[in-house]
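Visitor: Okay, so here is model_34.txt, and as you'll see once you scroll down, it has compact mmCIF, C-alpha atoms.
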# COMPACT_ATOMS: atom_id res chain seq x y z
CA MET A 168 -9.00 -5.30 -33.81
CA ASP A 169 -7.17 -7.11 -36.60
CA LEU A 170 -3.47 -6.41 -36.04
CA GLU A 171 -2.61 -7.28 -39.65
CA ALA A 172 -5.05 -4.61 -40.79
CA VAL A 173 -3.44 -2.16 -38.35
CA ARG A 174 0.00 -3.12 -39.65
CA THR A 175 -1.22 -2.55 -43.21
CA PHE A 176 -2.67 0.85 -42.27
CA VAL A 177 0.69 1.96 -40.83
CA ALA A 178 2.50 0.68 -43.93
CA VAL A 179 0.22 2.68 -46.25
CA ALA A 180 0.49 5.78 -44.07
CA GLU A 181 4.31 5.60 -44.17
CA ALA A 182 4.54 4.72 -47.87
CA GLY A 183 1.82 7.09 -49.06
CA GLN A 184 0.73 4.54 -51.68
CA PHE A 185 -1.22 1.29 -51.57
CA GLN A 186 1.03 -0.35 -54.17
CA GLU A 187 4.26 0.49 -52.34
CA ALA A 188 2.79 -0.75 -49.05
CA ALA A 189 1.76 -3.99 -50.78
CA VAL A 190 5.33 -4.56 -51.98
CA GLY A 191 6.70 -3.93 -48.50
CA LEU A 192 4.22 -6.36 -46.94
CA SER A 193 4.66 -8.97 -49.71
CA ILE A 194 0.95 -9.05 -50.47
CA THR A 195 -1.18 -7.85 -53.39
CA GLN A 196 -2.54 -4.33 -53.70
CA GLN A 197 -6.03 -5.84 -53.62
CA ALA A 198 -5.25 -7.43 -50.25
CA VAL A 199 -4.08 -4.07 -48.95
CA SER A 200 -7.30 -2.43 -50.10
CA LYS A 201 -9.43 -5.15 -48.46
CA ARG A 202 -7.59 -4.82 -45.14
CA ILE A 203 -7.95 -1.04 -45.10
CA ALA A 204 -11.63 -1.29 -46.02
CA ALA A 205 -12.23 -3.79 -43.22
CA LEU A 206 -10.41 -1.57 -40.71
CA GLU A 207 -12.39 1.49 -41.80
CA LYS A 208 -15.61 -0.50 -41.41
CA ASP A 209 -14.53 -1.67 -37.97
CA LEU A 210 -13.71 1.90 -36.86
CA ASP A 211 -16.61 3.44 -38.80
CA VAL A 212 -14.38 6.19 -40.23
CA ARG A 213 -12.46 6.96 -43.42
CA LEU A 214 -8.70 6.65 -42.85
CA PHE A 215 -7.42 7.62 -46.31
CA THR A 216 -8.46 9.71 -49.25
CA ARG A 217 -7.14 8.60 -52.61
CA THR A 218 -5.41 11.22 -54.74
CA ALA A 219 -3.58 11.18 -58.05
CA ARG A 220 -0.33 10.96 -56.08
CA GLY A 221 -1.40 8.13 -53.77
CA ALA A 222 -3.17 7.89 -50.43
CA ARG A 223 -3.44 10.74 -47.93
CA LEU A 224 -4.46 10.36 -44.31
CA THR A 225 -7.77 11.90 -43.31
CA ILE A 226 -8.07 13.79 -40.03
CA ASP A 227 -9.31 10.56 -38.41
CA GLY A 228 -6.41 8.66 -39.97
CA GLN A 229 -3.93 11.16 -38.54
CA ALA A 230 -5.53 10.78 -35.10
CA PHE A 231 -5.42 6.98 -35.34
CA LEU A 232 -1.81 6.66 -36.59
CA PRO A 233 0.09 7.08 -33.27
CA HIS A 234 -2.28 4.64 -31.57
CA ALA A 235 -1.84 2.14 -34.41
CA ARG A 236 1.93 2.31 -34.01
CA GLU A 237 1.59 1.79 -30.26
CA LEU A 238 -0.67 -1.23 -30.87
CA LEU A 239 2.07 -2.80 -32.99
CA ARG A 240 4.73 -2.03 -30.38
CA VAL A 241 2.60 -3.62 -27.66
CA ALA A 242 2.03 -6.68 -29.84
CA GLU A 243 5.78 -6.99 -30.39
CA ARG A 244 6.47 -6.74 -26.65
CA ALA A 245 3.77 -9.30 -25.91
CA ASP A 246 5.30 -11.71 -28.42
CA ALA A 247 8.80 -11.18 -27.04
CA SER A 248 7.61 -11.77 -23.46
CA VAL A 249 6.83 -15.42 -24.15
CA ARG A 250 8.95 -16.42 -27.12
CA PRO A 251 12.12 -18.35 -26.07
CA GLY A 252 15.21 -16.59 -27.27
CA ARG A 253 13.44 -13.23 -27.30
CA ARG A 254 11.91 -13.02 -23.85
CA ALA A 255 13.93 -12.63 -20.68
CA LEU A 256 15.17 -15.75 -18.88
CA ARG A 257 13.13 -15.97 -15.66
CA VAL A 258 15.30 -17.18 -12.74
CA ASP A 259 14.24 -17.56 -9.11
CA VAL A 260 17.24 -16.90 -6.82
CA VAL A 261 15.21 -17.52 -3.61
CA ASN A 262 16.86 -14.60 -1.75
CA ARG A 263 18.79 -11.66 -3.19
CA ARG A 264 21.44 -11.77 -0.43
CA VAL A 265 22.55 -15.37 -0.86
CA ALA A 266 25.10 -17.16 -3.03
CA MET A 267 22.67 -18.02 -5.84
CA ALA A 268 21.89 -14.35 -6.47
CA TRP A 269 25.58 -13.45 -6.75
CA LEU A 270 26.24 -16.36 -9.09
CA VAL A 271 23.42 -15.24 -11.39
CA GLN A 272 24.75 -11.67 -11.21
CA ASP A 273 28.22 -12.87 -12.21
CA PHE A 274 26.64 -14.85 -15.06
CA TYR A 275 24.99 -11.65 -16.30
CA ARG A 276 28.29 -9.77 -16.13
CA MET A 277 29.77 -12.39 -18.43
CA HIS A 278 26.72 -12.34 -20.74
CA PRO A 279 25.28 -8.80 -20.65
CA GLU A 280 23.50 -9.44 -23.93
CA ILE A 281 21.16 -11.90 -22.20
CA GLU A 282 17.97 -10.46 -20.77
CA LEU A 283 17.30 -11.72 -17.24
CA ASP A 284 14.20 -11.49 -15.10
CA VAL A 285 15.51 -12.22 -11.58
CA MET A 286 12.85 -12.94 -8.96
CA THR A 287 12.40 -14.37 -5.48
CA LEU A 288 9.50 -16.78 -5.11
CA ASP A 289 8.12 -17.42 -1.65
CA ALA A 290 8.03 -21.17 -2.13
CA ASP A 291 9.56 -24.37 -0.80
CA VAL A 292 11.00 -26.97 -3.16
CA ASP A 293 7.54 -28.37 -4.00
CA GLY A 294 6.22 -24.93 -4.92
CA ALA A 295 9.35 -24.09 -6.89
CA ILE A 296 9.16 -27.32 -8.89
CA ALA A 297 5.50 -26.64 -9.62
CA ALA A 298 6.39 -23.14 -10.87
CA VAL A 299 9.08 -24.54 -13.18
CA GLU A 300 6.76 -27.26 -14.45
CA ALA A 301 4.02 -24.69 -15.14
CA GLY A 302 6.43 -22.40 -16.99
CA THR A 303 6.06 -19.53 -14.51
CA ILE A 304 9.84 -19.52 -14.20
CA ASP A 305 12.62 -21.10 -16.25
CA ALA A 306 14.87 -22.15 -13.38
CA THR A 307 15.19 -22.05 -9.61
CA PHE A 308 17.66 -23.01 -6.88
CA HIS A 309 16.71 -25.36 -4.04
CA ALA A 310 18.01 -28.29 -2.08
CA VAL A 311 16.47 -31.44 -3.57
CA PRO A 312 16.26 -34.39 -1.15
CA PRO A 313 16.64 -37.85 -2.72
CA GLN A 314 13.04 -38.68 -1.77
CA GLN A 315 11.71 -35.63 -3.61
CA HIS A 316 9.15 -36.50 -6.28
CA LEU A 317 10.16 -35.01 -9.63
CA PRO A 318 7.81 -34.87 -12.65
CA ASP A 319 9.25 -36.49 -15.76
CA ALA A 320 10.07 -33.15 -17.42
CA ILE A 321 11.93 -31.74 -14.39
CA LYS A 322 15.72 -32.03 -14.22
CA THR A 323 18.09 -31.05 -11.42
CA ALA A 324 21.84 -30.62 -11.06
CA ARG A 325 23.72 -29.93 -7.86
CA VAL A 326 25.57 -26.67 -8.38
CA ILE A 327 26.47 -25.27 -4.94
CA ASP A 328 27.81 -26.85 -1.75
CA GLU A 329 27.80 -23.91 0.61
CA PRO A 330 29.43 -24.07 4.07
CA HIS A 331 27.98 -22.16 7.01
CA GLN A 332 29.41 -19.36 9.10
CA LEU A 333 28.41 -18.14 12.55
CA LEU A 334 27.52 -14.44 12.53
CA ILE A 335 27.99 -12.86 15.97
CA GLY A 336 28.70 -9.56 17.67
CA PRO A 337 31.94 -8.43 19.40
CA ARG A 338 30.66 -9.33 22.91
CA HIS A 339 29.91 -12.96 22.04
CA PRO A 340 32.17 -15.57 23.74
CA LEU A 341 33.27 -16.87 20.31
CA ALA A 342 33.91 -13.41 18.83
CA ASN A 343 37.67 -13.94 18.57
CA ALA A 344 37.59 -17.55 17.37
CA ARG A 345 39.20 -18.23 13.98
CA ALA A 346 36.84 -21.17 13.48
CA VAL A 347 34.42 -23.20 15.55
CA ALA A 348 33.27 -26.82 15.43
CA PRO A 349 29.49 -27.28 15.22
CA GLY A 350 29.51 -29.28 18.45
CA LYS A 351 30.99 -26.26 20.25
CA LEU A 352 27.85 -24.30 19.39
CA ALA A 353 25.74 -26.44 21.72
CA GLY A 354 24.46 -24.23 24.50
CA HIS A 355 24.77 -21.07 22.43
CA ARG A 356 21.55 -19.48 21.19
CA ILE A 357 21.31 -19.45 17.40
CA TRP A 358 18.57 -17.03 16.46
CA MET A 359 16.83 -17.43 13.09
CA PRO A 360 13.43 -15.73 13.51
CA GLY A 361 10.91 -16.51 10.83
CA LEU A 362 12.59 -19.70 9.66
CA ASP A 363 9.86 -21.48 7.75
CA ALA A 364 8.60 -24.60 9.47
CA ARG A 365 7.86 -26.22 6.11
CA GLY A 366 9.98 -27.49 3.28
CA GLU A 367 13.54 -28.59 2.79
CA VAL A 368 15.12 -25.64 4.67
CA ALA A 369 13.31 -26.50 7.91
CA VAL A 370 14.17 -30.18 7.49
CA TYR A 371 17.83 -29.31 6.97
CA TYR A 372 18.09 -27.18 10.11
CA ASP A 373 16.13 -29.72 12.18
CA GLU A 374 18.61 -32.42 11.18
CA LEU A 375 21.59 -30.10 11.79
CA ALA A 376 20.31 -29.19 15.26
CA THR A 377 19.71 -32.84 16.14
CA ALA A 378 23.12 -33.97 14.88
CA PHE A 379 25.09 -31.48 17.00
CA GLY A 380 22.74 -30.63 19.86
CA LEU A 381 22.18 -27.07 18.68
CA THR A 382 19.49 -24.70 19.88
CA ILE A 383 17.97 -22.89 16.90
CA ASP A 384 15.46 -20.30 18.04
CA VAL A 385 12.89 -19.40 15.37
CA VAL A 386 10.54 -17.52 17.70
CA GLY A 387 10.00 -13.80 17.34
CA PRO A 388 8.59 -11.30 14.87
CA VAL A 389 10.49 -10.78 11.63
CA PHE A 390 11.54 -7.16 11.20
CA GLY A 391 14.07 -7.85 8.44
CA ASN A 392 17.80 -8.45 8.21
CA GLU A 393 18.73 -4.98 9.44
CA ALA A 394 16.83 -5.46 12.70
CA LEU A 395 18.33 -8.94 13.15
CA LEU A 396 21.89 -7.63 12.68
CA ASP A 397 21.21 -4.79 15.11
CA GLU A 398 20.11 -7.24 17.81
CA ILE A 399 23.10 -9.52 17.27
CA ALA A 400 25.58 -6.62 17.37
CA ASP A 401 24.34 -5.56 20.80
CA SER A 402 24.08 -9.07 22.28
CA SER A 403 26.55 -11.18 24.25
CA ASP A 404 24.81 -14.47 23.51
CA LEU A 405 22.90 -14.21 20.21
CA GLY A 406 24.24 -15.48 16.91
CA THR A 407 22.81 -16.64 13.61
CA LEU A 408 23.89 -18.92 10.77
CA VAL A 409 24.66 -17.54 7.31
CA GLY A 410 25.96 -19.09 4.13
CA GLU A 411 29.60 -18.50 3.26
CA GLY A 412 28.56 -16.83 0.01
CA SER A 413 25.81 -14.63 1.48
CA ARG A 414 26.32 -10.87 1.62
CA PHE A 415 25.08 -8.50 4.28
CA LEU A 416 25.85 -4.86 4.98
CA TRP A 417 26.02 -3.30 8.43
CA PRO A 418 27.51 -0.17 10.03
CA ASP A 419 31.19 -0.41 11.04
CA SER A 420 30.17 0.29 14.62
CA TYR A 421 28.43 -3.10 14.79
CA ASP A 422 31.81 -4.90 14.49
CA LEU A 423 30.09 -8.15 13.55
CA ARG A 424 32.21 -11.28 13.06
CA ARG A 425 31.77 -14.12 10.57
CA VAL A 426 33.29 -17.26 12.08
CA PRO A 427 33.72 -20.33 9.82
CA ILE A 428 32.19 -23.56 11.12
CA ARG A 429 34.54 -26.52 10.62
CA ASP A 430 35.38 -30.06 11.73
CA PRO A 431 32.97 -30.89 10.25
CA ALA A 432 31.78 -28.05 8.06
CA PRO A 433 27.97 -28.17 7.66
CA VAL A 434 27.22 -27.85 3.96
CA TYR A 435 23.88 -26.95 2.41
CA PRO A 436 23.56 -28.71 -0.99
CA MET A 437 21.85 -26.51 -3.59
CA SER A 438 20.63 -27.64 -7.01
CA LEU A 439 19.45 -25.90 -10.16
CA ILE A 440 15.95 -27.03 -11.20
CA TRP A 441 14.66 -26.65 -14.78
CA ARG A 442 12.44 -28.26 -17.40
CA ASP A 443 14.35 -30.55 -19.72
CA ASP A 444 12.18 -29.49 -22.67
CA ASN A 445 12.68 -25.73 -22.11
CA PRO A 446 14.14 -24.40 -25.40
CA HIS A 447 15.34 -21.02 -24.08
CA PRO A 448 18.95 -20.70 -25.32
CA ALA A 449 19.99 -18.62 -22.30
CA LEU A 450 19.06 -21.52 -20.00
CA ILE A 451 21.76 -23.64 -21.63
CA GLU A 452 24.26 -20.80 -21.14
CA LEU A 453 23.30 -20.54 -17.46
CA ARG A 454 23.66 -24.28 -16.91
CA ASN A 455 27.08 -24.34 -18.58
CA TYR A 456 28.20 -21.37 -16.49
CA LEU A 457 27.06 -22.96 -13.22
CA ASP A 458 28.76 -26.22 -14.16
CA SER A 459 32.03 -24.34 -14.72
CA ARG A 460 31.63 -22.57 -11.36
CA ARG A 461 30.66 -25.66 -9.36
CA THR A 462 31.29 -24.60 -5.79
CA ASP A 463 32.15 -27.71 -3.80
CA SER A 464 33.35 -27.12 -0.28
CA THR A 465 37.15 -27.01 -0.03
CA ASP A 466 36.90 -28.64 3.41
CA THR A 467 37.21 -32.43 3.16
CA ASN A 468 35.60 -32.89 6.57
CA VAL A 469 32.01 -31.92 5.88
CA TRP A 470 28.55 -32.70 7.16
CA THR A 471 25.62 -32.98 4.78
CA PRO A 472 22.01 -33.85 5.66
CA ARG A 473 20.64 -37.35 5.36
CA TRP A 474 17.14 -35.97 4.81
CA GLY A 475 15.83 -38.75 7.03
CA GLN A 476 12.98 -36.57 8.31
CA TRP A 477 11.72 -35.63 4.82
CA ALA A 478 8.06 -36.38 4.28
CA ALA A 479 6.98 -39.15 1.93
CA PRO A 480 7.05 -38.13 -1.74
CA ARG A 481 3.86 -37.00 -3.39
CA PRO A 482 2.10 -39.59 -5.58
Represent the structure contained in this file as structure tokens.
Guide:
Amino acid sequence: MDLEAVRTFVAVAEAGQFQEAAVGLSITQQAVSKRIAALEKDLDVRLFTRTARGARLTIDGQAFLPHARELLRVAERADASVRPGRRALRVDVVNRRVAMAWLVQDFYRMHPEIELDVMTLDADVDGAIAAVEAGTIDATFHAVPPQQHLPDAIKTARVIDEPHQLLIGPRHPLANARAVAPGKLAGHRIWMPGLDARGEVAVYYDELATAFGLTIDVVGPVFGNEALLDEIADSSDLGTLVGEGSRFLWPDSYDLRRVPIRDPAPVYPMSLIWRDDNPHPALIELRNYLDSRRTDSTDTNVWTPRWGQWAAPRP
């Protein structure tokens, strides 16, 4: 169905005259007549009857009018969904409980006029870069190893250096520690069930475990964060690693403890990934905001990955 003909039909119905509708649409009255005639032919009905006072909707025209208006509204929404500056900025925050999600939320609080579409893609850095390159999303957050192959249009900027904390229950031997060195975690079971064996996250934790002799247990079914916290609260030996900026909720009765890891402080380097040719104005606002909120670790004694185990870059 010709949307311009539908738009013309609505204009005539609201104006009650072909000439007035023509003025409003900035076309000739003859063009209005041709569009209405073509629409009537397409629908095989009469939409208007001409009178001395103008144009009056027929019964079929009255039935068609609300649907015509809805067609125009749908067309407007479809246009806005893909047009930069009118559609929502699509941002992948990886996980809604981690620091990136809270940063994007704070950005929205500062710019409530910006429409955001916040999502969590189940993808490693390769998949996330592919999604940005394809235009599925406007931006994403991932660690980007130096060896990572980046298409020409893809840009990255390091925006978060997030230290780790040890999350443990009240019966754990380190429950009352004010801080713990990563080497002191050797021999303690760090439970991270479901940790993906692929991608930059797995490489990071493999290198961390090797550097400090840690035991990171990824075995076990994944029942969600609530089940994980419940197990840790009731255990005298289980713990897990969480980012300093991550947020979890648990009952007061769990009495869980978040113990900073220092001397050195393991830091996970997170970058924003976007297309350099993306014209969405809100993307520039987001980049400026993240640059102003650059979260380097305040600890001068830090450990960052060398990414020595990262696979060869894609051709």
Visitor: Can you write out as a Markdown table which residues of range 256-340 of chain A fall within 7 Å of range 400-422 of chain A, alongside each residue's closest atom pair and its distance in Å to one decimal, counting only C-alpha atoms and ordering rows by chain and ascending residue number?
Guide:
| residue | atom | partner | partner_atom | distance |
| --- | --- | --- | --- | --- |
| A:Arg264 | CA | A:Arg414 | CA | 5.4 |
| A:Val265 | CA | A:Ser413 | CA | 4.1 |
| A:Ala266 | CA | A:Gly412 | CA | 4.6 |
| A:Glu329 | CA | A:Gly410 | CA | 6.2 |
| A:Pro330 | CA | A:Glu411 | CA | 5.6 |
| A:His331 | CA | A:Gly410 | CA | 4.7 |
| A:Gln332 | CA | A:Val409 | CA | 5.4 |
| A:Leu333 | CA | A:Leu408 | CA | 4.9 |
| A:Leu334 | CA | A:Thr407 | CA | 5.3 |
| A:Ile335 | CA | A:Gly406 | CA | 4.7 |
| A:Gly336 | CA | A:Ala400 | CA | 4.3 |
| A:Pro337 | CA | A:Asp422 | CA | 6.0 |
| A:Arg338 | CA | A:Ser403 | CA | 4.7 |
| A:His339 | CA | A:Ser403 | CA | 4.4 |
Visitor: So, with all atoms listed in the file as the atoms that count, which of A:Arg174, A:Arg254, A:Arg263, A:Arg202 lies closest to Leu238 in chain A?
Guide: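 Ranking A:Arg174, A:Arg254, A:Arg263, A:Arg202 by distance to Leu238 in chain A, first place goes to A:Arg174.
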Visitor: Which one is closest to Leu270 in chain A: A:Thr303, A:Leu192, A:Asp444, A:Ile327? Count only C-alpha atoms.
Guide: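 The answer is A:Ile327, which sits nearest to Leu270 in chain A.
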Visitor: Quick check, in Å to one decimal: how far apart do CA of Gly380 in chain A and CA of Gly350 in chain A lie?
Guide: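 Value for the CA of Gly380 in chain A-CA of Gly350 in chain A distance: 7.0 Å.
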Visitor: Please indicate the distance in Å from CA of Pro233 in chain A to CA of Asp209 in chain A, rounded to one decimal place.
Guide: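 Computing it gives 17.7 Å between the two atoms.
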Visitor: Would you work out the distance separating CA of Val260 in chain A from CA of Thr287 in chain A, expressed in Å to one decimal?
Guide: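 The value is 5.6 Å.
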Visitor: Leaving out Thr175 in chain A and any residue of its chain fewer than 2 positions from it, which residues lie within 8 Å of it when counting all atoms listed in the file, given as a PyMOL selection string?
Guide: chain A and resi 171-173+177-179+188+192+199+202-203
Visitor: Given the selection you just returned, output its residues as a file containing C-alpha atoms, formatted as a PDB file, in the coordinates of the input.
Guide:
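Listing of selection36.pdb after writing:
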ATOM      1  CA  GLU A 171      -2.610  -7.280 -39.650  1.00  0.00           C
ATOM      2  CA  ALA A 172      -5.050  -4.610 -40.790  1.00  0.00           C
ATOM      3  CA  VAL A 173      -3.440  -2.160 -38.350  1.00  0.00           C
ATOM      4  CA  VAL A 177       0.690   1.960 -40.830  1.00  0.00           C
ATOM      5  CA  ALA A 178       2.500   0.680 -43.930  1.00  0.00           C
ATOM      6  CA  VAL A 179       0.220   2.680 -46.250  1.00  0.00           C
ATOM      7  CA  ALA A 188       2.790  -0.750 -49.050  1.00  0.00           C
ATOM      8  CA  LEU A 192       4.220  -6.360 -46.940  1.00  0.00           C
ATOM      9  CA  VAL A 199      -4.080  -4.070 -48.950  1.00  0.00           C
ATOM     10  CA  ARG A 202      -7.590  -4.820 -45.140  1.00  0.00           C
ATOM     11  CA  ILE A 203      -7.950  -1.040 -45.100  1.00  0.00           C
TER      12      ILE A 203
END
Visitor: Which of these residues is nearest to Asp273 in chain A, using only C-alpha atoms: A:Tyr456, A:Val258, A:Arg425, A:Pro472?
Guide: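 Closest to Asp273 in chain A of all the choices is A:Tyr456.
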Visitor: Closest to Arg220 in chain A among A:Asp430, A:Asp319, A:Asp289, A:Phe185, using all atoms listed in the file?
Guide: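 Answer, going by the shortest atom-to-atom distance: A:Phe185.
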Visitor: Using all atoms listed in the file for the distances, tell me which of A:Ile383, A:Thr467, A:Glu181, A:Tyr435 is nearest to Arg325 in chain A.
Guide: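 Between A:Ile383, A:Thr467, A:Glu181, A:Tyr435, the residue approaching Arg325 in chain A most closely is A:Tyr435.
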Visitor: Set out as a Markdown table a contact list for range 276-330 of chain A and range 353-377 of chain A with a cut-off of 8 Å, giving each residue of range 276-330 of chain A that qualifies its closest atom pair and distance in Å to one decimal, counting all atoms listed in the file, ordered by chain and rising residue number.
Guide:
| residue | atom | partner | partner_atom | distance |
| --- | --- | --- | --- | --- |
| A:Asp291 | CA | A:Gly366 | CA | 5.2 |
| A:Val292 | CA | A:Gly366 | CA | 6.5 |
| A:Asp293 | CA | A:Gly366 | CA | 7.7 |
| A:Ala310 | CA | A:Glu367 | CA | 6.6 |
| A:Val311 | CA | A:Glu367 | CA | 7.6 |
| A:Pro312 | CA | A:Glu367 | CA | 7.5 |
Visitor: Using all atoms listed in the file for the distances, tell me which of A:Asp169, A:Glu398, A:Glu207, A:Asp305 is nearest to Leu239 in chain A.
Guide: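 Closest residue, counting all atoms listed in the file: A:Asp169.
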Visitor: Give as a list in words every residue, naming chains and numbers as the document does, that has an atom within 8 Å of (16.2, -22.7, -8.9), counting all atoms listed in the file.
Guide: Val258, Asp259, Val260, Val261, Ala295, Ala306, Thr307, Phe308, His309, Ser438, Leu439, Ile440 and Trp441 of chain A
